[in-house]
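Structure data (TSV, C-alpha atoms) from coords_8.tsv:
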```tsv
chain	number	residue	atom	x	y	z
A	1	MET	CA	46.06	110.84	-68.97
A	2	ASN	CA	46.89	110.46	-65.28
A	3	LEU	CA	47.76	106.84	-64.48
A	4	ASN	CA	48.48	107.55	-60.84
A	5	ASN	CA	44.98	106.59	-59.67
A	6	GLY	CA	45.69	107.97	-56.21
A	7	LYS	CA	48.41	105.42	-55.40
A	8	ALA	CA	51.13	108.07	-55.12
A	9	PRO	CA	49.30	111.35	-54.44
A	10	TYR	CA	52.41	113.40	-53.71
A	11	VAL	CA	54.49	112.41	-56.73
A	12	GLY	CA	52.57	114.90	-58.86
A	13	ARG	CA	53.34	117.61	-56.33
A	14	TYR	CA	57.08	117.03	-56.65
A	15	ILE	CA	56.81	116.85	-60.42
A	16	GLY	CA	55.16	120.28	-60.38
A	17	TRP	CA	57.77	121.69	-58.01
A	18	LEU	CA	60.58	120.35	-60.16
A	19	ARG	CA	59.12	121.68	-63.40
A	20	SER	CA	58.97	125.13	-61.86
A	21	GLY	CA	62.43	124.74	-60.33
A	22	GLU	CA	64.07	123.62	-63.56
A	23	HIS	CA	62.44	126.46	-65.48
A	24	LEU	CA	63.68	128.99	-62.93
A	25	LEU	CA	67.14	127.42	-62.91
A	26	ALA	CA	67.34	127.58	-66.72
A	27	ASP	CA	66.41	131.27	-66.69
A	28	ALA	CA	68.89	131.93	-63.88
A	29	PHE	CA	71.69	130.29	-65.88
A	30	LEU	CA	70.79	132.52	-68.84
A	31	MET	CA	70.69	135.59	-66.65
A	32	VAL	CA	74.20	134.89	-65.33
A	33	ALA	CA	75.37	134.14	-68.87
A	34	ASN	CA	74.22	137.64	-69.83
A	35	ARG	CA	75.73	139.26	-66.75
A	36	GLN	CA	79.06	137.50	-67.27
A	37	GLU	CA	79.09	137.85	-71.05
A	38	ARG	CA	82.70	139.02	-71.03
A	39	ASP	CA	83.78	135.75	-69.38
A	40	SER	CA	83.47	133.33	-72.29
A	41	GLU	CA	83.81	130.18	-70.17
A	42	VAL	CA	81.05	131.14	-67.73
A	43	ARG	CA	78.85	132.57	-70.49
A	44	ASP	CA	79.03	129.51	-72.75
A	45	MET	CA	78.75	126.96	-69.96
A	46	CYS	CA	75.77	128.70	-68.38
A	47	LYS	CA	73.98	128.70	-71.74
A	48	GLN	CA	74.72	124.98	-72.09
A	49	LEU	CA	73.48	124.21	-68.59
A	50	ALA	CA	70.32	126.22	-69.26
A	51	GLU	CA	69.58	123.90	-72.19
A	52	GLU	CA	70.19	120.93	-69.92
A	53	SER	CA	67.69	122.22	-67.37
A	54	LYS	CA	65.21	122.77	-70.18
A	55	ARG	CA	65.60	119.11	-71.21
A	56	HIS	CA	64.91	118.11	-67.62
A	57	GLY	CA	61.63	119.98	-67.96
A	58	ASP	CA	60.76	117.78	-70.95
A	59	ILE	CA	61.34	114.68	-68.79
A	60	LEU	CA	58.97	116.08	-66.19
A	61	THR	CA	56.35	116.82	-68.82
A	62	ALA	CA	56.29	113.13	-69.73
A	63	LEU	CA	56.09	112.11	-66.07
A	64	ALA	CA	53.25	114.57	-65.45
A	65	LYS	CA	51.13	112.77	-68.05
A	66	ARG	CA	51.37	109.61	-65.95
A	67	TYR	CA	51.35	110.93	-62.39
A	68	GLY	CA	49.67	114.28	-62.70
A	69	GLU	CA	51.14	117.59	-61.69
A	70	HIS	CA	50.50	119.92	-58.78
A	71	TYR	CA	51.85	123.44	-59.00
A	72	GLY	CA	53.74	124.67	-55.96
A	73	GLU	CA	55.30	128.03	-55.10
A	74	GLU	CA	58.26	126.71	-53.13
A	75	PRO	CA	60.83	127.01	-55.97
A	76	GLU	CA	59.69	130.56	-56.69
A	77	ARG	CA	60.07	131.50	-53.04
A	78	VAL	CA	63.64	130.18	-53.10
A	79	ARG	CA	64.39	132.00	-56.36
A	80	SER	CA	62.93	135.25	-55.02
A	81	ALA	CA	65.48	135.28	-52.20
A	82	LEU	CA	68.41	135.12	-54.64
A	83	PHE	CA	70.28	137.50	-56.96
A	84	HIS	CA	69.62	140.66	-54.96
A	85	GLY	CA	71.91	143.62	-54.44
A	86	VAL	CA	74.64	145.22	-56.52
A	87	ARG	CA	76.77	142.61	-58.32
A	88	ILE	CA	80.02	144.11	-59.59
A	89	GLY	CA	83.42	142.62	-60.40
A	90	GLY	CA	84.78	139.36	-59.08
A	91	LEU	CA	82.72	139.55	-55.89
A	92	GLY	CA	79.53	140.01	-57.90
A	93	LYS	CA	80.42	137.05	-60.08
A	94	LEU	CA	81.09	134.96	-56.98
A	95	GLN	CA	77.70	135.90	-55.52
A	96	ASP	CA	75.92	135.02	-58.77
A	97	LEU	CA	77.60	131.61	-58.88
A	98	GLN	CA	76.72	130.94	-55.25
A	99	ASP	CA	73.07	131.82	-55.86
A	100	LEU	CA	73.02	129.52	-58.89
A	101	ALA	CA	74.42	126.76	-56.69
A	102	LEU	CA	71.74	127.34	-54.04
A	103	LEU	CA	68.98	127.13	-56.62
A	104	GLY	CA	70.63	124.09	-58.20
A	105	ASN	CA	70.79	122.31	-54.85
A	106	HIS	CA	67.09	122.99	-54.29
A	107	VAL	CA	66.38	121.27	-57.61
A	108	LYS	CA	68.78	118.46	-56.76
A	109	LEU	CA	66.98	117.65	-53.52
A	110	ALA	CA	63.68	117.35	-55.37
A	111	TRP	CA	65.20	114.93	-57.90
A	112	SER	CA	66.75	113.02	-55.00
A	113	SER	CA	63.26	112.59	-53.56
A	114	LEU	CA	61.73	111.33	-56.80
A	115	VAL	CA	64.33	108.62	-57.42
A	116	PRO	CA	63.50	106.45	-54.37
A	117	ALA	CA	59.78	107.11	-54.90
A	118	ALA	CA	60.11	105.67	-58.41
A	119	GLY	CA	61.78	102.58	-56.94
A	120	THR	CA	58.95	102.10	-54.48
A	121	LEU	CA	56.42	102.42	-57.31
A	122	HIS	CA	58.42	99.88	-59.36
A	123	ASP	CA	58.47	102.38	-62.22
A	124	ARG	CA	61.77	101.54	-63.88
A	125	ASP	CA	61.44	104.13	-66.63
A	126	MET	CA	60.78	106.90	-64.14
A	127	GLU	CA	63.66	105.75	-61.94
A	128	LEU	CA	66.12	105.78	-64.86
A	129	ALA	CA	64.94	109.18	-66.11
A	130	CYS	CA	65.13	110.76	-62.65
A	131	SER	CA	68.51	109.17	-61.94
A	132	GLN	CA	69.92	110.58	-65.17
A	133	ALA	CA	68.54	114.05	-64.44
A	134	LEU	CA	69.89	113.86	-60.89
A	135	ALA	CA	73.35	112.92	-62.20
A	136	GLU	CA	73.31	115.85	-64.62
A	137	THR	CA	72.19	118.21	-61.86
A	138	ASN	CA	75.06	116.98	-59.71
A	139	GLN	CA	77.41	117.78	-62.60
A	140	GLN	CA	75.94	121.28	-62.84
A	141	ILE	CA	76.55	121.83	-59.13
A	142	ALA	CA	80.08	120.38	-59.39
A	143	TRP	CA	80.94	122.84	-62.17
A	144	LEU	CA	79.49	125.71	-60.12
A	145	GLN	CA	81.51	124.60	-57.09
A	146	ALA	CA	84.72	124.58	-59.14
A	147	GLN	CA	83.95	128.05	-60.51
A	148	ILE	CA	83.13	129.33	-57.01
A	149	GLU	CA	86.46	128.12	-55.66
A	150	GLN	CA	88.37	129.55	-58.61
A	151	THR	CA	86.60	132.91	-58.44
A	152	ALA	CA	86.86	133.19	-54.65
A	153	SER	CA	90.63	132.79	-54.72
A	154	GLN	CA	90.86	136.12	-56.54
A	155	ALA	CA	87.69	137.96	-55.52
A	156	LEU	CA	88.18	137.57	-51.77
A	157	ALA	CA	91.96	137.76	-51.50
A	158	VAL	CA	93.05	140.29	-54.14
A	159	ALA	CA	92.04	143.94	-54.11
A	160	ALA	CA	90.45	144.99	-57.40
A	161	ASN	CA	90.37	148.36	-59.13
A	162	LYS	CA	86.79	149.59	-58.75
A	163	SER	CA	86.57	151.27	-62.14
A	164	ASP	CA	87.98	148.21	-63.90
A	165	ALA	CA	85.59	145.94	-61.98
A	166	LEU	CA	82.64	148.12	-62.96
A	167	THR	CA	83.63	148.14	-66.61
A	168	ALA	CA	84.12	144.37	-66.64
A	169	SER	CA	80.68	143.90	-65.08
A	170	LEU	CA	78.85	145.68	-67.90
A	171	PRO	CA	77.55	143.11	-70.41
A	172	LYS	CA	78.18	143.75	-74.11
A	173	THR	CA	74.49	143.31	-74.90
A	174	PRO	CA	72.61	144.32	-71.73
A	175	MET	CA	69.20	142.72	-71.33
A	176	PRO	CA	66.54	143.48	-68.68
A	177	ALA	CA	67.40	140.32	-66.74
A	178	ALA	CA	71.03	141.41	-66.39
A	179	LEU	CA	70.50	145.01	-65.30
A	180	GLN	CA	71.68	145.80	-61.80
A	181	GLU	CA	68.85	145.72	-59.28
A	182	ILE	CA	69.54	149.32	-58.24
A	183	VAL	CA	68.81	150.36	-61.84
A	184	TRP	CA	65.93	148.03	-62.72
A	185	SER	CA	63.84	148.25	-59.54
A	186	PRO	CA	63.44	152.05	-59.24
A	187	LEU	CA	62.87	152.52	-62.98
A	188	SER	CA	60.35	149.71	-63.36
A	189	GLY	CA	58.48	150.58	-60.15
A	190	GLY	CA	58.20	154.25	-61.04
A	191	PHE	CA	57.24	153.41	-64.62
A	192	VAL	CA	54.36	151.15	-63.55
A	193	VAL	CA	52.95	153.71	-61.12
A	194	PHE	CA	53.24	156.44	-63.76
A	195	LEU	CA	51.39	154.31	-66.32
A	196	VAL	CA	48.57	153.51	-63.91
A	197	GLY	CA	48.19	157.19	-63.10
A	198	LEU	CA	48.39	158.15	-66.78
A	199	ILE	CA	45.69	155.65	-67.75
A	200	GLY	CA	43.49	156.86	-64.90
A	201	TRP	CA	44.08	160.51	-65.82
A	202	ALA	CA	43.19	159.81	-69.47
A	203	ALA	CA	40.01	158.03	-68.38
A	204	GLY	CA	39.17	160.66	-65.78
A	205	GLN	CA	39.16	158.07	-63.00
A	206	PRO	CA	41.17	157.88	-59.73
A	207	TRP	CA	42.67	154.46	-60.37
A	208	LEU	CA	46.01	155.27	-58.75
A	209	LEU	CA	45.59	154.61	-55.03
A	210	PRO	CA	48.02	154.43	-52.08
A	211	SER	CA	47.74	150.67	-51.57
A	212	LEU	CA	48.94	150.08	-55.14
A	213	GLY	CA	52.31	151.63	-54.35
A	214	PRO	CA	53.46	148.62	-52.27
A	215	THR	CA	52.31	146.36	-55.12
A	216	ALA	CA	54.50	148.21	-57.63
A	217	TYR	CA	57.38	148.09	-55.13
A	218	LEU	CA	57.02	144.33	-54.73
A	219	GLN	CA	56.80	143.70	-58.48
A	220	ALA	CA	59.86	145.86	-59.12
A	221	GLU	CA	62.14	144.59	-56.36
A	222	MET	CA	61.06	140.95	-56.09
A	223	PRO	CA	59.68	139.93	-59.51
A	224	ALA	CA	60.36	136.25	-58.83
A	225	HIS	CA	58.19	136.14	-55.72
A	226	PRO	CA	54.76	134.51	-56.15
A	227	SER	CA	53.12	137.49	-54.45
A	228	ALA	CA	54.12	139.66	-57.41
A	229	LYS	CA	52.07	137.61	-59.89
A	230	LEU	CA	48.94	138.97	-61.55
A	231	TYR	CA	46.64	136.47	-59.78
A	232	HIS	CA	48.03	137.35	-56.36
A	233	VAL	CA	47.80	141.09	-57.03
A	234	VAL	CA	44.21	141.13	-58.23
A	235	VAL	CA	42.78	138.52	-55.88
A	236	GLY	CA	44.75	139.90	-52.94
A	237	HIS	CA	43.38	143.43	-53.32
A	238	LEU	CA	39.85	142.14	-53.90
A	239	VAL	CA	40.07	140.09	-50.71
A	240	GLY	CA	41.40	143.15	-48.89
A	241	LEU	CA	38.45	145.20	-50.14
A	242	ALA	CA	35.90	142.60	-49.09
A	243	ALA	CA	37.58	142.08	-45.71
A	244	GLY	CA	37.58	145.82	-45.04
A	245	PHE	CA	33.88	146.24	-45.78
A	246	VAL	CA	32.95	143.18	-43.73
A	247	ALA	CA	34.99	144.49	-40.80
A	248	VAL	CA	33.35	147.94	-40.96
A	249	ALA	CA	29.91	146.31	-41.06
A	250	LEU	CA	30.66	144.05	-38.09
A	251	CYS	CA	31.88	147.00	-36.03
A	252	GLN	CA	29.11	149.33	-37.24
A	253	ALA	CA	31.81	151.87	-38.08
A	254	TRP	CA	30.17	153.42	-41.16
A	255	GLN	CA	29.63	156.80	-39.50
A	256	GLU	CA	32.89	156.86	-37.53
A	257	PRO	CA	35.44	159.62	-38.32
A	258	ILE	CA	37.65	159.03	-41.36
A	259	VAL	CA	41.08	158.67	-39.78
A	260	LEU	CA	43.22	160.22	-42.54
A	261	ILE	CA	40.85	163.20	-42.94
A	262	ASP	CA	39.52	163.85	-39.44
A	263	HIS	CA	42.78	162.79	-37.75
A	264	GLU	CA	40.85	160.89	-35.12
A	265	LEU	CA	41.12	157.17	-34.46
A	266	THR	CA	38.14	155.68	-32.64
A	267	LEU	CA	37.89	152.31	-30.94
A	268	ALA	CA	35.46	151.07	-33.59
A	269	ARG	CA	37.89	151.91	-36.38
A	270	THR	CA	40.72	150.24	-34.47
A	271	VAL	CA	38.77	147.02	-34.03
A	272	ALA	CA	37.62	147.14	-37.66
A	273	ALA	CA	41.23	147.52	-38.84
A	274	ALA	CA	42.33	144.48	-36.83
A	275	ILE	CA	39.43	142.37	-38.12
A	276	ALA	CA	40.04	143.54	-41.70
A	277	LEU	CA	43.67	142.46	-41.63
A	278	LEU	CA	42.77	139.16	-39.98
A	279	LEU	CA	40.17	138.39	-42.65
A	280	THR	CA	42.54	139.46	-45.43
A	281	LEU	CA	45.19	137.05	-44.24
A	282	VAL	CA	42.69	134.21	-43.92
A	283	GLY	CA	41.18	134.87	-47.33
A	284	CYS	CA	44.48	135.24	-49.15
A	285	LEU	CA	45.90	132.09	-47.58
A	286	LEU	CA	42.79	130.06	-48.39
A	287	LEU	CA	42.80	131.26	-52.00
A	288	LYS	CA	46.58	130.87	-52.28
A	289	ALA	CA	46.85	134.50	-53.26
A	290	SER	CA	49.22	135.92	-50.66
A	291	HIS	CA	49.86	139.59	-51.42
A	292	PRO	CA	51.06	141.73	-48.48
A	293	PRO	CA	49.98	145.08	-50.05
A	294	ALA	CA	46.39	143.81	-49.84
A	295	GLY	CA	46.65	144.56	-46.14
A	296	ALA	CA	46.95	148.26	-47.00
A	297	THR	CA	43.74	148.08	-49.03
A	298	ALA	CA	41.96	146.40	-46.12
A	299	LEU	CA	43.10	149.13	-43.72
A	300	LEU	CA	42.11	151.95	-46.10
A	301	VAL	CA	38.57	150.55	-46.08
A	302	ALA	CA	38.51	149.90	-42.34
A	303	LEU	CA	39.81	153.38	-41.53
A	304	GLY	CA	37.25	155.05	-43.78
A	305	SER	CA	39.36	156.17	-46.75
A	306	ILE	CA	37.55	153.87	-49.19
A	307	VAL	CA	33.76	154.13	-48.95
A	308	GLY	CA	31.05	152.93	-51.29
A	309	ILE	CA	30.79	150.80	-54.40
A	310	LYS	CA	32.31	153.38	-56.76
A	311	ALA	CA	35.46	153.68	-54.67
A	312	ALA	CA	35.72	149.89	-54.40
A	313	VAL	CA	35.38	149.53	-58.18
A	314	ASN	CA	38.16	152.08	-58.67
A	315	VAL	CA	40.45	150.06	-56.40
A	316	ALA	CA	39.61	146.86	-58.26
A	317	ILE	CA	40.28	148.44	-61.67
A	318	GLY	CA	43.54	149.95	-60.41
A	319	ALA	CA	44.62	146.56	-59.10
A	320	VAL	CA	43.90	144.91	-62.44
A	321	ILE	CA	45.84	147.57	-64.35
A	322	ILE	CA	48.89	147.58	-62.10
A	323	GLY	CA	48.78	143.78	-61.89
A	324	ALA	CA	48.78	143.41	-65.66
A	325	LEU	CA	51.47	146.04	-66.24
A	326	GLY	CA	53.62	144.66	-63.46
A	327	GLU	CA	53.19	141.12	-64.75
A	328	GLY	CA	54.56	142.17	-68.12
A	329	LEU	CA	57.62	143.82	-66.60
A	330	ARG	CA	58.04	140.93	-64.17
A	331	ARG	CA	58.24	138.46	-67.04
A	332	VAL	CA	60.64	140.67	-68.94
A	333	ARG	CA	62.89	140.80	-65.89
A	334	MET	CA	62.69	137.06	-65.22
A	335	GLN	CA	62.80	135.78	-68.80
A	336	GLY	CA	64.53	138.58	-70.68
A	337	ALA	CA	67.89	136.86	-70.77
A	338	LEU	CA	69.84	135.58	-73.75
A	339	PRO	CA	67.89	133.32	-76.12
A	340	ARG	CA	68.17	129.63	-75.29
A	341	THR	CA	70.54	128.49	-77.98
A	342	SER	CA	72.91	125.59	-77.81
```
Starting from the coordinates I provided, produce the structure as structure tokens.
Amino acid sequence: MNLNNGKAPYVGRYIGWLRSGEHLLADAFLMVANRQERDSEVRDMCKQLAEESKRHGDILTALAKRYGEHYGEEPERVRSALFHGVRIGGLGKLQDLQDLALLGNHVKLAWSSLVPAAGTLHDRDMELACSQALAETNQQIAWLQAQIEQTASQALAVAANKSDALTASLPKTPMPAALQEIVWSPLSGGFVVFLVGLIGWAAGQPWLLPSLGPTAYLQAEMPAHPSAKLYHVVVGHLVGLAAGFVAVALCQAWQEPIVLIDHELTLARTVAAAIALLLTLVGCLLLKASHPPAGATALLVALGSIVGIKAAVNVAIGAVIIGALGEGLRRVRMQGALPRTS
């Protein structure tokens, strides 16, 4: 039951942000524990801190029953910007620790905002719970800071043997979450596109379309980004389809040359393309389903490559298939770390 009664409308928003942030932080700790499995101190401490972040989520669950909860994508956007590139040796370890600290500080700032809000609301229980979680988050960041300083003294100042660094960077029990990005992204992206094409081939339907390629790319390279989620993929492409057809109708461009076949771009098609992208952006933002590849679907319609209900249905089915397949791999990548054990 929500006891907020509208007196603190934004508390629920921060509770939702924090729940998402703590979940992402716990998974990130586990991911680094897997990556740095050969370093027993980092491995064991990261697993312990992951459990701590999970307990913070339990605190937020209790608070959400009283103040409500509003989901927000901000923590996911922060997480999606982290842990990219090749991470090998001491420098890779240093980068992982720094990214953990950045994500931890994002969570810390949200807790720091809830504590004074609890005081204003005269909610002593909430204030104590948030203060305790904030103190523990500060301890997490302090440990990360100490590890960063210790690791940097060697990683940045002492030349390392590349083969030894590579060997030391290979986890004993590699999991999807710990695979190097240069390995995971190409394999997962190619695998998803192949499966969509295979399913379409088996069904005798052209469900593999050009605008789905950017979707697979996004899901493979940036699985943490909100735009890679199933909802964003499906709704985004549907909005792009609708926007494209509306734009063609407004510009009366039905009989205009098909750009990719006739190799002729008319003014009507140009205007339709601009309107299609404009409407796609508006629709996706209103529906909170931002998905950049949807712009490609909108342009394919506006430029004449997708015509008629049958073609639109094929795009929609392809989007659902690639969205579902990509969602599965995205979750494996994000949550496929070591089990959360104490």
Discussion item. As an exercise, work out the distance from atom CA of A:Ala220 to atom CA of A:Pro75 in Å and give it to one decimal place.
Written reply: 19.1 Å
Discussion item. Please determine, counting all atoms listed in the file, which residue among A:Ala155, A:Val248, A:Cys284, A:Ala50 has the shortest atom-to-atom distance to A:Gly92.
Written reply: A:Ala155
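Computed from the coordinates, the atom CA of A:Ala152 to atom CA of A:Asp44 distance equals 20.1 Å.
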Place a sphere of radius 9 Å on (55.9, 144.9, -58.2) in the file coordinates and name every protein, DNA or RNA residue with an atom inside or on its surface, counting all atoms listed in the file; give the answer as a short mmCIF file (atom, residue, chain, number, x, y, z; two decimals) with C-alpha atoms, in the frame of the given file.
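point10.cif, written as the output of this step:
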```
data_model
loop_
_atom_site.label_atom_id
_atom_site.label_comp_id
_atom_site.auth_asym_id
_atom_site.auth_seq_id
_atom_site.Cartn_x
_atom_site.Cartn_y
_atom_site.Cartn_z
CA SER A 185 63.84 148.25 -59.54
CA SER A 188 60.35 149.71 -63.36
CA GLY A 189 58.48 150.58 -60.15
CA VAL A 192 54.36 151.15 -63.55
CA GLY A 213 52.31 151.63 -54.35
CA PRO A 214 53.46 148.62 -52.27
CA THR A 215 52.31 146.36 -55.12
CA ALA A 216 54.50 148.21 -57.63
CA TYR A 217 57.38 148.09 -55.13
CA LEU A 218 57.02 144.33 -54.73
CA GLN A 219 56.80 143.70 -58.48
CA ALA A 220 59.86 145.86 -59.12
CA GLU A 221 62.14 144.59 -56.36
CA MET A 222 61.06 140.95 -56.09
CA PRO A 223 59.68 139.93 -59.51
CA SER A 227 53.12 137.49 -54.45
CA ALA A 228 54.12 139.66 -57.41
CA LYS A 229 52.07 137.61 -59.89
CA ILE A 322 48.89 147.58 -62.10
CA GLY A 323 48.78 143.78 -61.89
CA GLY A 326 53.62 144.66 -63.46
CA GLU A 327 53.19 141.12 -64.75
CA LEU A 329 57.62 143.82 -66.60
CA ARG A 330 58.04 140.93 -64.17
#
```
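Atom CA of A:Trp111 sits 10.0 Å away from atom CA of A:Ala129.
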Is there a way to complete stretch 277-301 of chain A with N, CA and C atoms and then write that out as an mmCIF file, in the frame of the given file?
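Output file part-v7.cif follows:
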```cif
data_model
loop_
_atom_site.group_PDB
_atom_site.id
_atom_site.type_symbol
_atom_site.label_atom_id
_atom_site.label_comp_id
_atom_site.auth_asym_id
_atom_site.auth_seq_id
_atom_site.Cartn_x
_atom_site.Cartn_y
_atom_site.Cartn_z
ATOM 1 N N LEU A 277 42.389 143.102 -41.311
ATOM 2 C CA LEU A 277 43.670 142.460 -41.630
ATOM 3 C C LEU A 277 43.596 140.964 -41.372
ATOM 4 N N LEU A 278 42.934 140.577 -40.291
ATOM 5 C CA LEU A 278 42.770 139.160 -39.980
ATOM 6 C C LEU A 278 42.042 138.446 -41.133
ATOM 7 N N LEU A 279 40.937 139.013 -41.579
ATOM 8 C CA LEU A 279 40.170 138.390 -42.650
ATOM 9 C C LEU A 279 40.938 138.377 -43.973
ATOM 10 N N THR A 280 41.734 139.416 -44.208
ATOM 11 C CA THR A 280 42.540 139.460 -45.430
ATOM 12 C C THR A 280 43.553 138.324 -45.447
ATOM 13 N N LEU A 281 44.207 138.132 -44.329
ATOM 14 C CA LEU A 281 45.190 137.050 -44.240
ATOM 15 C C LEU A 281 44.524 135.689 -44.439
ATOM 16 N N VAL A 282 43.398 135.488 -43.783
ATOM 17 C CA VAL A 282 42.690 134.210 -43.920
ATOM 18 C C VAL A 282 42.268 133.987 -45.369
ATOM 19 N N GLY A 283 41.661 135.000 -45.962
ATOM 20 C CA GLY A 283 41.180 134.870 -47.330
ATOM 21 C C GLY A 283 42.294 134.632 -48.330
ATOM 22 N N CYS A 284 43.368 135.392 -48.214
ATOM 23 C CA CYS A 284 44.480 135.240 -49.150
ATOM 24 C C CYS A 284 45.155 133.883 -49.007
ATOM 25 N N LEU A 285 45.277 133.404 -47.786
ATOM 26 C CA LEU A 285 45.900 132.090 -47.580
ATOM 27 C C LEU A 285 45.006 130.969 -48.110
ATOM 28 N N LEU A 286 43.709 131.086 -47.896
ATOM 29 C CA LEU A 286 42.790 130.060 -48.390
ATOM 30 C C LEU A 286 42.767 130.017 -49.916
ATOM 31 N N LEU A 287 42.854 131.170 -50.540
ATOM 32 C CA LEU A 287 42.800 131.260 -52.000
ATOM 33 C C LEU A 287 44.191 131.146 -52.643
ATOM 34 N N LYS A 288 45.201 130.955 -51.806
ATOM 35 C CA LYS A 288 46.580 130.870 -52.280
ATOM 36 C C LYS A 288 46.925 132.092 -53.131
ATOM 37 N N ALA A 289 46.611 133.237 -52.572
ATOM 38 C CA ALA A 289 46.850 134.500 -53.260
ATOM 39 C C ALA A 289 47.511 135.497 -52.324
ATOM 40 N N SER A 290 48.532 135.052 -51.612
ATOM 41 C CA SER A 290 49.220 135.920 -50.660
ATOM 42 C C SER A 290 49.763 137.163 -51.364
ATOM 43 N N HIS A 291 49.403 138.327 -50.844
ATOM 44 C CA HIS A 291 49.860 139.590 -51.420
ATOM 45 C C HIS A 291 49.883 140.627 -50.310
ATOM 46 N N PRO A 292 51.002 140.829 -49.631
ATOM 47 C CA PRO A 292 51.060 141.730 -48.480
ATOM 48 C C PRO A 292 50.439 143.113 -48.697
ATOM 49 N N PRO A 293 50.615 143.769 -49.870
ATOM 50 C CA PRO A 293 49.980 145.080 -50.050
ATOM 51 C C PRO A 293 48.465 145.067 -49.914
ATOM 52 N N ALA A 294 47.839 143.891 -50.018
ATOM 53 C CA ALA A 294 46.390 143.810 -49.840
ATOM 54 C C ALA A 294 45.994 144.252 -48.431
ATOM 55 N N GLY A 295 46.916 144.095 -47.491
ATOM 56 C CA GLY A 295 46.650 144.560 -46.140
ATOM 57 C C GLY A 295 46.432 146.060 -46.084
ATOM 58 N N ALA A 296 47.139 146.803 -46.947
ATOM 59 C CA ALA A 296 46.950 148.260 -47.000
ATOM 60 C C ALA A 296 45.564 148.603 -47.519
ATOM 61 N N THR A 297 45.095 147.854 -48.516
ATOM 62 C CA THR A 297 43.740 148.080 -49.030
ATOM 63 C C THR A 297 42.705 147.818 -47.946
ATOM 64 N N ALA A 298 42.885 146.734 -47.204
ATOM 65 C CA ALA A 298 41.960 146.400 -46.120
ATOM 66 C C ALA A 298 41.903 147.518 -45.080
ATOM 67 N N LEU A 299 43.062 148.073 -44.732
ATOM 68 C CA LEU A 299 43.100 149.130 -43.720
ATOM 69 C C LEU A 299 42.502 150.433 -44.247
ATOM 70 N N LEU A 300 42.706 150.741 -45.528
ATOM 71 C CA LEU A 300 42.110 151.950 -46.100
ATOM 72 C C LEU A 300 40.588 151.901 -45.996
ATOM 73 N N VAL A 301 40.023 150.706 -46.217
ATOM 74 C CA VAL A 301 38.570 150.550 -46.080
ATOM 75 C C VAL A 301 38.167 150.660 -44.607
#
```
